[in-house]
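Novice: upload-v1.txt is the file, holding compact mmCIF, C-alpha atoms and all ligand atoms:
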# COMPACT_ATOMS: atom_id res chain seq x y z
CA MET Y 184 81.02 90.15 138.49
CA GLY Y 185 81.04 89.32 134.77
CA ASN Y 186 78.55 88.37 132.08
CA LYS Y 187 78.14 86.01 129.15
CA LEU Y 188 76.42 86.10 125.77
CA ILE Y 189 73.40 83.79 125.72
CA GLY Y 190 71.57 84.66 122.51
CA TYR Y 191 71.15 86.84 119.46
CA GLY Y 192 68.65 87.82 116.81
CA SER Y 193 68.34 90.15 113.86
CA TYR Y 194 65.90 91.63 111.42
CA LEU Y 195 66.38 93.01 107.92
CA PRO Y 196 63.52 94.61 106.00
CA ARG Y 197 62.35 92.65 102.97
CA LYS Y 198 63.13 95.39 100.45
CA THR Y 199 66.66 95.18 99.02
CA VAL Y 200 68.00 98.23 97.18
CA THR Y 201 70.96 97.58 94.89
CA ASN Y 202 73.44 100.06 93.48
CA ALA Y 203 71.72 99.55 90.12
CA ASP Y 204 68.51 100.86 91.71
CA PHE Y 205 70.40 104.07 92.61
CA GLU Y 206 71.84 104.27 89.08
CA ARG Y 207 68.28 104.56 87.80
CA VAL Y 208 67.41 107.60 89.96
CA MET Y 209 70.65 109.56 90.36
CA ASP Y 210 73.98 110.28 88.70
CA THR Y 211 75.98 107.45 90.23
CA SER Y 212 77.33 104.03 89.28
CA ASP Y 213 77.72 100.62 90.80
CA GLN Y 214 81.44 100.91 90.06
CA TRP Y 215 81.82 104.21 91.97
CA ILE Y 216 79.88 102.94 94.99
CA VAL Y 217 81.71 99.60 95.17
CA GLU Y 218 85.16 101.16 94.68
CA ARG Y 219 84.67 103.95 97.24
CA THR Y 220 82.61 102.09 99.85
CA GLY Y 221 82.38 98.33 99.20
CA ILE Y 222 78.58 98.59 99.41
CA ARG Y 223 76.62 96.47 96.90
CA GLN Y 224 73.15 96.55 98.42
CA ARG Y 225 71.20 97.70 101.46
CA HIS Y 226 67.77 96.99 102.98
CA PHE Y 227 65.14 99.72 103.25
CA ALA Y 228 62.20 99.49 105.61
CA ALA Y 229 58.68 99.85 104.25
CA GLU Y 230 57.14 103.32 104.51
CA ASN Y 231 55.00 102.38 107.53
CA GLU Y 232 57.65 100.17 109.18
CA THR Y 233 59.13 101.87 112.24
CA VAL Y 234 62.36 101.55 114.19
CA ALA Y 235 60.28 100.00 117.00
CA ASP Y 236 58.85 97.41 114.56
CA MET Y 237 62.37 96.39 113.50
CA ALA Y 238 63.68 96.40 117.07
CA LEU Y 239 60.75 94.21 118.11
CA ALA Y 240 61.43 91.71 115.32
CA ALA Y 241 65.11 91.43 116.35
CA ALA Y 242 64.11 91.13 120.02
CA ARG Y 243 61.64 88.33 119.23
CA ALA Y 244 64.33 86.48 117.25
CA ALA Y 245 66.81 86.82 120.15
CA LEU Y 246 64.27 85.58 122.71
CA LYS Y 247 63.42 82.63 120.46
CA ASN Y 248 67.15 81.90 120.08
CA THR Y 249 67.56 81.70 123.86
CA GLY Y 250 64.20 80.10 124.70
CA LEU Y 251 63.46 83.00 127.06
CA THR Y 252 60.49 85.34 127.36
CA VAL Y 253 60.56 89.07 127.98
CA ASP Y 254 59.80 88.39 131.66
CA ASP Y 255 63.18 86.66 131.96
CA LEU Y 256 64.92 89.98 131.19
CA ASP Y 257 65.53 92.66 133.75
CA MET Y 258 66.61 95.44 131.40
CA VAL Y 259 66.30 96.39 127.73
CA ILE Y 260 68.58 99.00 126.16
CA VAL Y 261 68.06 100.14 122.57
CA ALA Y 262 70.74 101.97 120.58
CA THR Y 263 68.99 104.12 118.01
CA THR Y 264 69.37 107.57 116.51
CA THR Y 265 66.42 107.42 114.14
CA PRO Y 266 63.28 106.83 116.25
CA GLU Y 267 60.09 108.25 114.72
CA LEU Y 268 58.81 109.35 118.13
CA ASP Y 269 60.60 111.67 120.54
CA PHE Y 270 58.90 109.74 123.34
CA PRO Y 271 58.42 107.17 124.65
CA SER Y 272 61.68 105.35 123.99
CA VAL Y 273 61.87 102.51 121.47
CA ALA Y 274 62.97 100.22 124.34
CA VAL Y 275 59.77 100.88 126.30
CA GLN Y 276 57.65 100.24 123.18
CA VAL Y 277 59.45 96.95 122.54
CA VAL Y 278 59.02 95.71 126.11
CA GLY Y 279 55.32 96.60 125.99
CA ARG Y 280 54.75 94.92 122.63
CA LEU Y 281 56.57 91.79 123.82
CA GLY Y 282 53.82 91.51 126.42
CA ALA Y 283 55.90 91.97 129.56
CA THR Y 284 54.01 91.37 132.79
CA LYS Y 285 56.89 92.76 134.90
CA ASN Y 286 57.88 96.44 134.99
CA ILE Y 287 61.51 96.45 133.98
CA PRO Y 288 63.81 99.38 133.16
CA ALA Y 289 63.94 100.10 129.43
CA PHE Y 290 65.63 103.04 127.74
CA ASP Y 291 67.28 104.23 124.52
CA VAL Y 292 70.86 105.30 124.03
CA ARG Y 293 71.73 107.82 121.34
CA GLY Y 294 75.28 107.49 120.14
CA ALA Y 295 74.82 107.46 116.36
CA CYS Y 296 77.07 104.80 114.79
CA THR Y 297 78.81 104.27 118.16
CA GLY Y 298 75.42 103.82 119.85
CA TYR Y 299 75.66 100.08 120.33
CA ILE Y 300 79.03 100.40 122.08
CA TYR Y 301 77.49 103.08 124.33
CA ALA Y 302 74.64 100.65 125.14
CA LEU Y 303 77.08 97.84 125.96
CA HIS Y 304 79.14 100.27 128.06
CA CYS Y 305 76.05 101.09 130.19
CA GLY Y 306 75.05 97.42 130.41
CA ARG Y 307 78.51 96.32 131.48
CA ALA Y 308 78.29 98.73 134.42
CA PHE Y 309 74.93 97.23 135.46
CA PHE Y 310 76.44 93.74 135.38
CA THR Y 311 79.61 94.81 137.20
CA SER Y 312 77.58 96.48 139.94
CA GLY Y 313 75.44 93.38 140.31
CA MET Y 314 72.28 95.37 139.55
CA CYS Y 315 71.17 93.26 136.57
CA GLU Y 316 70.83 89.58 135.81
CA ARG Y 317 69.91 89.58 132.12
CA ILE Y 318 69.98 92.46 129.64
CA MET Y 319 68.86 92.61 126.03
CA PHE Y 320 70.77 95.12 123.88
CA ILE Y 321 69.08 96.08 120.62
CA GLY Y 322 70.50 98.23 117.82
CA ALA Y 323 67.79 99.45 115.43
CA GLU Y 324 67.85 102.13 112.77
CA LYS Y 325 65.76 103.43 109.89
CA MET Y 326 68.51 105.41 108.15
CA SER Y 327 66.43 105.52 104.95
CA ARG Y 328 64.24 108.16 106.63
CA PHE Y 329 67.25 110.50 106.62
CA ILE Y 330 68.34 109.85 103.06
CA ASP Y 331 68.37 112.87 100.77
CA MET Y 332 68.01 111.60 97.20
CA ASN Y 333 69.45 114.93 96.01
CA ASP Y 334 72.75 114.19 97.74
CA ARG Y 335 74.46 111.30 95.98
CA SER Y 336 77.46 111.44 98.32
CA THR Y 337 75.39 110.30 101.33
CA ALA Y 338 72.28 108.64 99.82
CA VAL Y 339 74.10 105.48 98.76
CA LEU Y 340 75.82 104.85 102.10
CA PHE Y 341 73.07 103.81 104.49
CA GLY Y 342 70.64 100.98 105.21
CA ASP Y 343 68.01 99.86 107.72
CA GLY Y 344 67.81 96.93 110.12
CA ALA Y 345 68.05 95.73 113.70
CA GLY Y 346 70.15 93.33 115.74
CA ALA Y 347 69.87 92.12 119.32
CA LEU Y 348 72.15 90.37 121.79
CA ILE Y 349 71.20 89.02 125.23
CA PHE Y 350 73.79 88.82 127.99
CA GLU Y 351 73.43 87.22 131.40
CA ARG Y 352 75.38 87.77 134.61
CA SER Y 353 78.19 85.29 135.16
CA THR Y 354 81.00 84.73 137.62
CA SER Y 355 83.63 84.78 134.84
CA SER Y 356 85.17 88.11 133.94
CA TYR Y 357 86.63 86.63 130.73
CA SER Y 358 83.34 86.04 128.90
CA GLY Y 359 80.65 88.25 127.39
CA ILE Y 360 81.31 91.98 127.39
CA ILE Y 361 84.83 91.99 128.83
CA ASP Y 362 85.64 95.65 128.35
CA THR Y 363 84.27 98.82 126.76
CA VAL Y 364 85.56 102.29 126.02
CA VAL Y 365 83.54 105.22 124.66
CA MET Y 366 84.57 108.75 123.74
CA SER Y 367 83.04 111.91 122.27
CA ASP Y 368 84.15 115.17 120.69
CA GLY Y 369 81.30 117.63 120.22
CA LYS Y 370 83.63 120.19 118.60
CA SER Y 371 83.50 118.11 115.42
CA PHE Y 372 79.68 118.41 115.16
CA ASP Y 373 79.90 119.97 111.68
CA MET Y 374 81.63 116.95 110.19
CA LEU Y 375 78.56 114.70 110.35
CA HIS Y 376 75.11 115.43 111.72
CA GLY Y 377 71.39 115.16 111.07
CA THR Y 378 69.14 118.17 110.52
CA ALA Y 379 65.74 118.96 112.01
CA ASP Y 380 64.14 118.10 108.65
CA HIS Y 381 65.81 114.69 108.60
CA LYS Y 382 68.75 115.18 106.26
CA ILE Y 383 72.28 113.94 106.71
CA VAL Y 384 75.00 116.58 106.49
CA MET Y 385 78.45 115.09 106.05
CA ASN Y 386 81.90 116.15 105.01
CA GLY Y 387 82.85 112.76 103.54
CA PRO Y 388 86.61 113.14 103.17
CA GLU Y 389 87.05 114.67 106.67
CA THR Y 390 84.82 111.99 108.23
CA TYR Y 391 86.87 109.36 106.44
CA LYS Y 392 90.14 110.77 107.81
CA LYS Y 393 88.80 110.81 111.39
CA ALA Y 394 87.33 107.30 111.12
CA VAL Y 395 90.58 105.68 109.96
CA MET Y 396 92.35 107.26 112.91
CA LEU Y 397 89.85 107.01 115.77
CA MET Y 398 88.60 103.43 115.30
CA PRO Y 399 92.13 101.98 115.46
CA ASP Y 400 92.88 104.30 118.42
CA ALA Y 401 89.91 102.88 120.34
CA ALA Y 402 90.86 99.33 119.36
CA ARG Y 403 94.46 99.85 120.46
CA TYR Y 404 93.33 101.43 123.74
CA ILE Y 405 91.02 98.57 124.64
CA MET Y 406 93.60 95.90 123.80
CA GLU Y 407 96.16 97.66 126.00
CA HIS Y 408 93.59 98.09 128.78
CA ALA Y 409 92.72 94.38 128.63
CA GLY Y 410 96.40 93.42 128.44
CA ILE Y 411 96.07 91.59 125.12
CA THR Y 412 97.61 91.90 121.65
CA ALA Y 413 96.23 91.58 118.13
CA ASP Y 414 97.23 87.90 118.16
CA ASP Y 415 94.78 87.21 121.01
CA VAL Y 416 91.83 88.59 119.03
CA ASP Y 417 90.00 86.10 116.80
CA TRP Y 418 87.80 88.58 114.94
CA ILE Y 419 87.45 92.28 114.39
CA VAL Y 420 83.84 93.25 113.79
CA PRO Y 421 84.21 96.94 112.98
CA HIS Y 422 81.32 99.34 112.57
CA GLN Y 423 80.28 98.68 109.00
CA ALA Y 424 80.49 102.12 107.38
CA ASN Y 425 82.84 101.65 104.47
CA LEU Y 426 85.11 98.83 103.31
CA ARG Y 427 88.05 101.18 102.71
CA ILE Y 428 87.79 102.52 106.28
CA ILE Y 429 87.62 98.95 107.60
CA GLN Y 430 90.64 97.78 105.59
CA SER Y 431 92.71 100.84 106.37
CA GLY Y 432 91.97 100.48 110.10
CA ALA Y 433 92.90 96.80 110.04
CA LYS Y 434 96.17 97.63 108.32
CA ARG Y 435 97.03 100.29 110.90
CA LEU Y 436 96.42 97.74 113.66
CA GLY Y 437 98.36 95.00 111.92
CA PHE Y 438 95.35 92.67 111.66
CA PRO Y 439 95.24 90.29 108.70
CA LEU Y 440 92.18 90.84 106.50
CA GLU Y 441 91.02 87.24 107.19
CA LYS Y 442 90.21 88.31 110.76
CA ILE Y 443 87.91 91.13 109.66
CA LEU Y 444 84.18 90.50 109.40
CA VAL Y 445 82.62 92.45 106.53
CA THR Y 446 78.88 92.89 106.06
CA VAL Y 447 78.86 96.44 104.68
CA ASP Y 448 78.56 94.96 101.17
CA LYS Y 449 75.16 93.47 102.11
CA HIS Y 450 73.78 95.86 104.75
CA ALA Y 451 75.54 99.22 104.04
CA ASN Y 452 75.88 101.50 107.08
CA THR Y 453 73.06 100.74 109.53
CA SER Y 454 74.54 103.02 112.21
CA GLY Y 455 73.68 101.78 115.73
CA ALA Y 456 72.42 98.46 114.34
CA SER Y 457 75.58 97.61 112.40
CA GLY Y 458 77.57 95.69 115.04
CA ALA Y 459 74.73 93.52 116.34
CA LEU Y 460 73.56 92.84 112.77
CA ALA Y 461 77.08 91.85 111.72
CA LEU Y 462 77.49 89.55 114.75
CA ALA Y 463 74.10 87.92 114.12
CA TYR Y 464 75.11 87.34 110.49
CA ALA Y 465 78.41 85.78 111.62
CA PHE Y 466 76.66 83.47 114.12
CA ASP Y 467 73.99 82.44 111.60
CA ASN Y 468 76.67 81.54 109.07
CA ASN Y 469 78.96 79.82 111.60
CA ILE Y 470 81.74 82.32 110.86
CA ILE Y 471 82.37 83.40 114.46
CA LYS Y 472 82.41 80.43 116.81
CA LYS Y 473 81.52 80.10 120.48
CA GLY Y 474 84.38 81.13 122.77
CA GLN Y 475 86.13 83.37 120.24
CA LEU Y 476 87.29 86.85 121.15
CA VAL Y 477 85.76 89.69 119.15
CA LEU Y 478 87.01 93.27 119.01
CA TYR Y 479 84.32 95.72 117.87
CA PRO Y 480 85.39 99.33 117.28
CA ALA Y 481 82.96 101.99 116.10
CA PHE Y 482 82.87 105.61 115.04
CA GLY Y 483 80.10 108.06 114.23
CA SER Y 484 78.38 111.41 114.35
CA GLY Y 485 79.11 113.56 117.36
CA LEU Y 486 81.84 112.75 116.96
CA THR Y 487 81.59 109.60 119.02
CA TRP Y 488 83.84 106.57 118.99
CA GLY Y 489 84.68 103.58 121.09
CA ALA Y 490 85.32 99.86 121.20
CA THR Y 491 84.31 96.72 123.04
CA LEU Y 492 85.86 93.30 123.59
CA ILE Y 493 83.37 90.45 123.64
CA ARG Y 494 84.07 86.76 124.19
CA VAL Y 495 81.06 85.26 122.42
C1 LIG Y 501 81.60 109.47 101.07
C2 LIG Y 501 82.88 108.92 100.44
C3 LIG Y 501 82.64 107.51 99.95
C4 LIG Y 501 83.22 109.79 99.24
O1 LIG Y 501 84.43 109.34 98.68
P1 LIG Y 501 85.61 110.38 98.35
O2 LIG Y 501 86.67 109.64 97.69
O3 LIG Y 501 85.94 111.08 99.65
O4 LIG Y 501 84.89 111.31 97.35
P2 LIG Y 501 84.70 112.89 97.35
O5 LIG Y 501 83.67 113.29 98.38
O6 LIG Y 501 86.06 113.51 97.45
O7 LIG Y 501 84.11 113.08 95.92
C5 LIG Y 501 84.81 112.65 94.78
C6 LIG Y 501 83.89 112.81 93.59
O8 LIG Y 501 82.88 111.78 93.60
C7 LIG Y 501 81.61 112.37 93.43
N1 LIG Y 501 80.60 111.56 94.09
C8 LIG Y 501 80.15 111.65 95.36
N2 LIG Y 501 79.20 110.71 95.55
C9 LIG Y 501 79.06 110.03 94.42
C10 LIG Y 501 78.26 108.95 94.02
N3 LIG Y 501 77.38 108.35 94.85
N4 LIG Y 501 78.39 108.50 92.75
C11 LIG Y 501 79.26 109.04 91.90
N5 LIG Y 501 80.05 110.07 92.21
C12 LIG Y 501 79.96 110.55 93.47
C13 LIG Y 501 81.75 113.74 94.04
O9 LIG Y 501 80.75 114.61 93.55
C14 LIG Y 501 83.13 114.13 93.58
O10 LIG Y 501 83.04 114.55 92.25
P3 LIG Y 501 83.97 115.76 91.70
O11 LIG Y 501 85.38 115.26 91.86
O12 LIG Y 501 83.54 115.88 90.28
O13 LIG Y 501 83.67 116.92 92.56
C15 LIG Y 501 84.06 108.96 101.46
O14 LIG Y 501 84.43 110.27 101.72
C16 LIG Y 501 83.72 108.29 102.74
O15 LIG Y 501 83.51 107.10 102.80
N6 LIG Y 501 83.65 109.06 103.86
C17 LIG Y 501 83.23 108.51 105.14
C18 LIG Y 501 81.73 108.37 105.13
C19 LIG Y 501 81.20 107.58 106.27
O16 LIG Y 501 81.52 106.43 106.40
N7 LIG Y 501 80.33 108.20 107.08
C20 LIG Y 501 79.70 107.54 108.16
C21 LIG Y 501 80.64 107.42 109.32
S1 LIG Y 501 79.88 106.54 110.59
Translate this structure into structure tokens?

Specialist:
Amino acid sequence: MGNKLIGYGSYLPRKTVTNADFERVMDTSDQWIVERTGIRQRHFAAENETVADMALAAARAALKNTGLTVDDLDMVIVATTTPELDFPSVAVQVVGRLGATKNIPAFDVRGACTGYIYALHCGRAFFTSGMCERIMFIGAEKMSRFIDMNDRSTAVLFGDGAGALIFERSTSSYSGIIDTVVMSDGKSFDMLHGTADHKIVMNGPETYKKAVMLMPDAARYIMEHAGITADDVDWIVPHQANLRIIQSGAKRLGFPLEKILVTVDKHANTSGASGALALAYAFDNNIIKKGQLVLYPAFGSGLTWGATLIRV
């Protein structure tokens, strides 16, 4: 039992924050940020705008894109690590605010920057088992809530936003989410984590070293598992953390840079939202075309890492 992609949507907060805006409030420069990360701007949610608000906006866009209503879905999974409320889940709030008249399962997945792959991994199992017909996967994050303006090494890296994809059960096993792999290593907790008072603690150079190793590892694993090579893949849509990490990973895998989708310059690192946001951007701009094979590796706090293969 397989699945296929039937729609997408995204939401970016109106406020754009450029590197020049950071130059005005901390000891940094556009040149340093662009050279080390490739980031030129990011979007920050308004003070009173929540992760659920952004997830809802992306969900509405995805439903509009498919011509469906919330009652046509039978599951909603949200990847988020930055919800304002401990409970209920963002997914439940979104389903309620969409006006569902059915009582469908809705839950959040917490996998930091690998969260969206974790969500797809769960969803794939529901499709494979035949338990679900149509699932909406949302990635939504308000990373700006965790930004410490006294720490220039992390403050400039992150952004806010939400993306959503809807998949439907299909008889083909070569469409939609074809394969997923997810991993974790809790021993590396100290490398990158959030604190109870909403700060990001990160050892940048060590995180960098792990990311350039583990994302290609996951990509290689999933290609081997699916019995394909780099030549079969049309696009790599890596987790958008840092342009240097993306380019170094592509080089290790032997992928030409033309096959790599980059949105980190526009969105910065939106954690669990990054993959769905990047895909929505690529569909909106006719960059990734229907039927193409996408490899999406990710890496994040935990440590967590993984990859998915999606025929869009
Ligand atoms: C964060 C990162 C860009 C820093 O780049 P780096 O080359 O490793 O830089 P370092 O941390 O070694 O710092 C180098 C210098 O730049 C300075 N620096 C750090 N942030 C700066 C900023 N925003 N502006 C200017 N200078 C900065 C440091 O203070 C340090 O100065 P010093 O040499 O005088 O001590 C890089 O480590 C990285 O991308 N790591 C991975 C981060 C990531 O993607 N995390 C999320 C994973 S999902």

Novice: Enumerate as a PDB file with C-alpha atoms, in the frame of the given file the residues within 6 Å of ligand LIG 501 (chain Y), counting only C-alpha atoms and all ligand atoms.

Specialist:
ATOM      1  CA  THR Y 211      75.980 107.450  90.230  1.00  0.00           C
ATOM      2  CA  SER Y 212      77.330 104.030  89.280  1.00  0.00           C
ATOM      3  CA  TRP Y 215      81.820 104.210  91.970  1.00  0.00           C
ATOM      4  CA  ILE Y 216      79.880 102.940  94.990  1.00  0.00           C
ATOM      5  CA  ARG Y 219      84.670 103.950  97.240  1.00  0.00           C
ATOM      6  CA  THR Y 220      82.610 102.090  99.850  1.00  0.00           C
ATOM      7  CA  CYS Y 296      77.070 104.800 114.790  1.00  0.00           C
ATOM      8  CA  ARG Y 335      74.460 111.300  95.980  1.00  0.00           C
ATOM      9  CA  SER Y 336      77.460 111.440  98.320  1.00  0.00           C
ATOM     10  CA  VAL Y 339      74.100 105.480  98.760  1.00  0.00           C
ATOM     11  CA  GLY Y 387      82.850 112.760 103.540  1.00  0.00           C
ATOM     12  CA  PRO Y 388      86.610 113.140 103.170  1.00  0.00           C
ATOM     13  CA  THR Y 390      84.820 111.990 108.230  1.00  0.00           C
ATOM     14  CA  TYR Y 391      86.870 109.360 106.440  1.00  0.00           C
ATOM     15  CA  ALA Y 424      80.490 102.120 107.380  1.00  0.00           C
ATOM     16  CA  ASN Y 425      82.840 101.650 104.470  1.00  0.00           C
ATOM     17  CA  PHE Y 482      82.870 105.610 115.040  1.00  0.00           C
ATOM     18  CA  GLY Y 483      80.100 108.060 114.230  1.00  0.00           C
TER      19      GLY Y 483
END

Novice: Give me, please, the distance in Å between atom CA of Y:Gln423 and atom CA of Y:Gln214, quoted to one decimal.

Specialist: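 Spanning atom CA of Y:Gln423 to atom CA of Y:Gln214 is a straight-line distance of 19.1 Å.
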
Novice: What is the distance between atom CA of Y:Asp204 and atom CA of Y:Thr453, in Å to one decimal?

Specialist: 18.4 Å

Novice: In terms of the shortest atom-to-atom distance over all atoms listed in the file, which of Y:Ala262, Y:Val364, Y:Val384, Y:Leu340 is closest to Y:Leu478?

Specialist: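 Smallest separation from Y:Leu478 among the options: Y:Val364.
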
Novice: Considering only C-alpha atoms, state which residue in the set Y:Asn186, Y:Asn231, Y:Ser431, Y:Thr265 is at the smallest distance from Y:Ala295.

Specialist: Y:Thr265

Novice: Rounded to one decimal in Å, what is the spacing between atom CA of Y:Gly298 and atom CA of Y:Asp414?

Specialist: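 Between these atoms lies a distance of 27.1 Å.
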
Novice: Taking (66.9, 112.8, 107.0) in the coordinates of the supplied file, I want to know which residues reach to within 6 Å of it, counting all atoms listed in the file; could you give the answer as a list of chain:residue names?

Specialist: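 Within 6 Å of (66.9, 112.8, 107.0), the protein and nucleic acid residues are Y:Arg328, Y:Phe329, Y:Ile330, Y:His381, Y:Lys382, Y:Ile383.
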
Novice: Hey, which of Y:Gly185, Y:Trp418, Y:Thr354, Y:Gly344 ends up closest to Y:Lys472? Count all atoms listed in the file.

Specialist: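 Looking at the shortest contact to Y:Lys472, the residue is Y:Trp418.
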
Novice: Excluding stretch 303-313 of chain Y and residues on its chain fewer than 3 positions from it, collect all residues at most 9 Å away from it, counting only C-alpha atoms, and give them as a compact mmCIF listing (two decimals) with C-alpha atoms, in the frame of the given file.

Specialist:
# COMPACT_ATOMS: atom_id res chain seq x y z
CA MET Y 184 81.02 90.15 138.49
CA GLY Y 185 81.04 89.32 134.77
CA ASN Y 186 78.55 88.37 132.08
CA MET Y 258 66.61 95.44 131.40
CA ILE Y 260 68.58 99.00 126.16
CA GLY Y 298 75.42 103.82 119.85
CA TYR Y 299 75.66 100.08 120.33
CA ILE Y 300 79.03 100.40 122.08
CA GLU Y 316 70.83 89.58 135.81
CA ARG Y 317 69.91 89.58 132.12
CA ILE Y 318 69.98 92.46 129.64
CA MET Y 319 68.86 92.61 126.03
CA PHE Y 320 70.77 95.12 123.88
CA GLU Y 351 73.43 87.22 131.40
CA ARG Y 352 75.38 87.77 134.61
CA SER Y 353 78.19 85.29 135.16
CA ILE Y 360 81.31 91.98 127.39
CA ILE Y 361 84.83 91.99 128.83
CA ASP Y 362 85.64 95.65 128.35
CA THR Y 363 84.27 98.82 126.76
CA VAL Y 364 85.56 102.29 126.02
CA VAL Y 365 83.54 105.22 124.66
CA THR Y 491 84.31 96.72 123.04

Novice: Please identify all polymer residues within 7 Å of stretch 197-201 of chain Y, counting all atoms listed in the file, omitting same-chain residues fewer than 3 positions from it, and present them as a list in words.

Specialist: Asp204, Phe205, Arg223, Gln224, Arg225, His226, Phe227 and Ala228 of chain Y

Novice: Counting all atoms listed in the file, what is within 8 Å of Y:Ile419, bar same-chain residues fewer than 6 positions away, as a list in words?

Specialist: Lys442, Ile443, Leu444, Val477, Leu478, Tyr479 and Pro480 of chain Y

Novice: Which residue out of Y:Glu324, Y:Arg494, Y:Asp380, Y:Met385 has the minimum interatomic distance to Y:His450 when all atoms listed in the file are used?

Specialist: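 Answer, going by the shortest atom-to-atom distance: Y:Glu324.
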
Novice: Pick from Y:Pro421, Y:Phe350, Y:Leu256, Y:Val261: nearest to Y:Ala283, with all atoms listed in the file counted?

Specialist: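 Residue with the minimum atom-to-atom distance to Y:Ala283: Y:Leu256.
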